[in-house]
Structure formats: C-alpha cells, structure tokens
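Engineer: Got a structure for you, questions after.
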Amino acid sequence: MNPPSSPADLERIKEEISDDFDEELELELEDARLEDVAGIDDFEEGLELPRGRRLDRRAYFRELFRLQHELVRLQDWVVHQGLRVVVIFEGRDSAGKGGAIKRITQRLNPRVCRVAALPAPNERERTQWYFQRYVQHLPAAGEIVLFDRSWYNRAGVERVMGFCSEDEVEEFFRSVPEFERMLVRSGIVLIKYWFSITDEEQQFRFALRIHDPLKQWKLSPMDVESRRMWEDYTRAKEAMLERTHIPEAPWWVVAADDKKRARLNCIAHLLSQFDFNDVPKAPVMLPDRVRHDDYIRHPVPDEMYVPAKF
C-alpha cells in the first residue's frame, strides 16, 4: 500500500498528527485555560455542525474540559454512594475506543476508575467458565471499571477468526443476557458502547499506522486480517447487537468517524446515565510546615541527578 499523497490525504494526515498531540496539549491548556472560558455554557450551539466538518480545536478542548470536570463530580458521587459501575467499550480495530477511554480516565483517580484490557486467555483460562476471568475485574463499592474489549470477544474476534466453535458462540448468546441481568440485579450499573466507523475510515487509519513508526505497534497481524474479513466482522457485529441488546443492559452506538465528536458524545452520554450531585466536602486546611532547628538537609550527590539535557 502506497502512502497517501493527494492534497486531501495530506490534510487528513496533518489532522491525525495534530490529534496525536492533543493529549499533551490538553494538559498544557488546562493551566492556561481558554481566554473566554466565562462563555462556556453557550458552547452547546457550537456542536451543531454539519457532518463532515471537523470540530474546531478550541471548541473541542473547551467542551472536553467541561465534561471532564463533570466526570470528576461523577467519580465523587460514585464513591460517596458506593456505586459499582461497569462500562464496556467495543468496536472494530482503530475505531477510537482507546482514545475515548483515555479522555475519560485522564483526570480521574486511578484507585476509583481503572481500565481492564485483558490479553488473550492462557491455557488454564481456556478451560474455565467463559466469564470467569472477567468476573475478577468487576468493581467493588465506589469503583468504576472500563472494559477495553470484554466478554464480547467471543461474539466478535473469536467467532470470526475461528478461535471458538459455533456451539460455543451459541452458548455465549444464551448465557450473556442472563449473566448481565444477574450483574444488574446485584446492583452493578452496566453500560455498553459500540464504536462504529466506516470501511473507508478504517482503511485510512490502518494506512496511517502502516506508515507512522509511532503507530505501527498498534497494527497487529489480527488487525491486518480484519481488513480482509470486514464483512464477516459486520455479520458478527449485527448478530451480537441483535441478540444481546436487552432492556437491562442496552447497547449504545457511537458514530466514531470523527474522533473528537465521538469522545465528546460518548462522555456526555455516559454522564447522562447518572443522576448525580455535588458531594459535600470538608474544607482542606493546609497546616504550617513544622521546622526543627536541629535538622540539616544533606546535599544530593551530583552523580545521582538525571542529566539536564533540556
């Protein structure tokens, strides 16, 4: 595959490269903030842009900061109420699940909100009850767990790539609704997202990964094979959504061709699933530092310092 060379492709590449730096830029901009942050409540009108137009970066950052502030409020509420929250992120390779998860967790306490991204099962795990290795990652009170792929591997990659039999798939479809109803009955809040991208968008993102040394690690042999089997994955996805979309734990589809809109839409929807309020907090008083006349700070040897190259 030749690298993209048309003006339109080069412009898209510039957008993708700038998007790679967004996380660092988000952290930098948090200190400086935006000059007109006082008008942040009027931003909602700015989201009503025609499809195909890229979201302005200033507008994106402004709304992202607002949503992340709300996520911190939600985190405090989850801890205060002792809630147990599970959020599942599924979708095709390169659909943007990881980017959305990163923006959700970026400013949250990792002791409260953690990511479960399980590798392929080992020999022992393959002999267990299928859901067993996922159960140990479920949250306790006051915790949020984000599954970057989940038990739905069986309905997707395992089925398409022949890692399980059709009998095992059928058993999965019979079991998973009852498994999820059991989780919900136990008090777990279960939310499921499918990140949806077009054939053309995945082709473009894969091409970038091939030619970008910083992204090549993201492109596994399984990902490459998934391009050839696009229609097989589509049929598997359609069967999965049809048979596991239940009232207790419905699927929510995130249109993800535009990464920034997908992140904002997903976070906004996630927040809308909870009726939360500010948690009362005692004011934090910073005590005066205690000083002792007999304390002498010893110098650190020069050779212990990291070289100052910058």
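Letters A, B, ... mark the chains of the structure tokens in the order given; residue numbers begin at 1 per chain; ligand numbers begin at 1, in order shown.
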Find the spatial neighbours of Gln136 of chain A, counting only C-alpha atoms, within a cut-off of 12 Å - ignore same-chain residues fewer than 5 positions away - and output them as a list in words.
Structural biologist: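 Here the qualifying residues turn out to be Ala116, Leu118, Phe131 and Val145 of chain A.
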Engineer: Give the strand (DSSP E) residues of segment 159-291 of chain A, as assigned by DSSP on the backbone, as a VMD selection string.
Structural biologist: chain A and resid 188 to 196 251 to 255
Engineer: May I have the residues within 8 Å of Trp194 of chain A as a PyMOL selection string, using only C-alpha atoms and disregarding those fewer than 2 positions away in the same chain?
Structural biologist: chain A and resi 89-91+192+196+251-254
Engineer: Counting only C-alpha atoms, what is within 10 Å of Ala155 of chain A, bar same-chain residues fewer than 4 positions away, as a ChimeraX atom specification?
Structural biologist: /A:151,159-160,164,166,168-170,172-173,233,236-241,244
Engineer: Set the distance at 10 Å and use only C-alpha atoms: which residues neighbour segment 280-296 of chain A once local chain neighbours fewer than 2 positions away are removed? I'd like the list as a PyMOL selection string.
Structural biologist: chain A and resi 76-77+80+277-278+298-299
Engineer: Output the selection as a PDB file, in the first residue's frame - N, CA, C and O atoms for each residue.
Structural biologist:
ATOM      1  N   ASP A  76     -16.749  11.413  42.352  1.00  0.00           N
ATOM      2  CA  ASP A  76     -17.002  11.669  43.770  1.00  0.00           C
ATOM      3  C   ASP A  76     -18.339  11.083  44.203  1.00  0.00           C
ATOM      4  O   ASP A  76     -18.465  10.551  45.316  1.00  0.00           O
ATOM      5  N   TRP A  77     -19.334  11.185  43.318  1.00  0.00           N
ATOM      6  CA  TRP A  77     -20.666  10.661  43.634  1.00  0.00           C
ATOM      7  C   TRP A  77     -20.646   9.134  43.728  1.00  0.00           C
ATOM      8  O   TRP A  77     -21.272   8.538  44.604  1.00  0.00           O
ATOM      9  N   HIS A  80     -19.070   8.305  47.003  1.00  0.00           N
ATOM     10  CA  HIS A  80     -19.960   8.697  48.102  1.00  0.00           C
ATOM     11  C   HIS A  80     -21.136   7.737  48.244  1.00  0.00           C
ATOM     12  O   HIS A  80     -21.519   7.370  49.366  1.00  0.00           O
ATOM     13  N   ASN A 277     -25.086  14.494  42.090  1.00  0.00           N
ATOM     14  CA  ASN A 277     -24.970  15.838  42.635  1.00  0.00           C
ATOM     15  C   ASN A 277     -23.590  16.021  43.248  1.00  0.00           C
ATOM     16  O   ASN A 277     -22.821  15.066  43.397  1.00  0.00           O
ATOM     17  N   ASP A 278     -23.293  17.255  43.620  1.00  0.00           N
ATOM     18  CA  ASP A 278     -22.033  17.525  44.309  1.00  0.00           C
ATOM     19  C   ASP A 278     -22.018  16.827  45.668  1.00  0.00           C
ATOM     20  O   ASP A 278     -23.040  16.759  46.357  1.00  0.00           O
ATOM     21  N   HIS A 298      20.839  17.373  53.913  1.00  0.00           N
ATOM     22  CA  HIS A 298      22.079  16.921  53.296  1.00  0.00           C
ATOM     23  C   HIS A 298      22.000  17.077  51.776  1.00  0.00           C
ATOM     24  O   HIS A 298      20.958  16.803  51.183  1.00  0.00           O
ATOM     25  N   PRO A 299      23.067  17.477  51.144  1.00  0.00           N
ATOM     26  CA  PRO A 299      23.054  17.656  49.683  1.00  0.00           C
ATOM     27  C   PRO A 299      22.974  16.311  48.958  1.00  0.00           C
ATOM     28  O   PRO A 299      23.467  15.289  49.457  1.00  0.00           O
TER      29      PRO A 299
END
Engineer: Write out as a PDB file with C-alpha atoms, in the first residue's frame each polymer residue whose atoms come within 12 Å of Val224 of chain A, counting only C-alpha atoms; drop sequence neighbours fewer than 5 positions from it.
Structural biologist:
ATOM      1  CA  ARG A  92     -13.732  -2.530  15.241  1.00  0.00           C
ATOM      2  CA  ASP A  93      -9.961  -2.148  15.363  1.00  0.00           C
ATOM      3  CA  SER A  94      -8.952   1.542  15.156  1.00  0.00           C
ATOM      4  CA  GLN A 202     -10.772   2.132   8.994  1.00  0.00           C
ATOM      5  CA  GLN A 203      -8.805   1.782   5.744  1.00  0.00           C
ATOM      6  CA  ARG A 205      -6.494   4.735   9.888  1.00  0.00           C
ATOM      7  CA  PHE A 206      -4.796   1.432   9.112  1.00  0.00           C
ATOM      8  CA  ALA A 207      -2.805   3.092   6.300  1.00  0.00           C
ATOM      9  CA  ARG A 209      -0.495   3.034  11.208  1.00  0.00           C
ATOM     10  CA  ILE A 210       1.499   1.279   8.495  1.00  0.00           C
ATOM     11  CA  GLN A 216       2.980   0.660  13.931  1.00  0.00           C
ATOM     12  CA  LYS A 218      -0.969  -0.705  17.174  1.00  0.00           C
ATOM     13  CA  LEU A 219      -1.280  -2.762  13.993  1.00  0.00           C
ATOM     14  CA  MET A 229     -12.725 -10.006   6.711  1.00  0.00           C
ATOM     15  CA  TRP A 230     -14.664  -6.733   7.062  1.00  0.00           C
TER      16      TRP A 230
END
Engineer: Using DSSP on the backbone, list every residue of segment 175-224 of chain A that comes out as alpha helix (DSSP H), and give them as a PyMOL selection string.
Structural biologist: chain A and resi 175-185+199-211+221-224
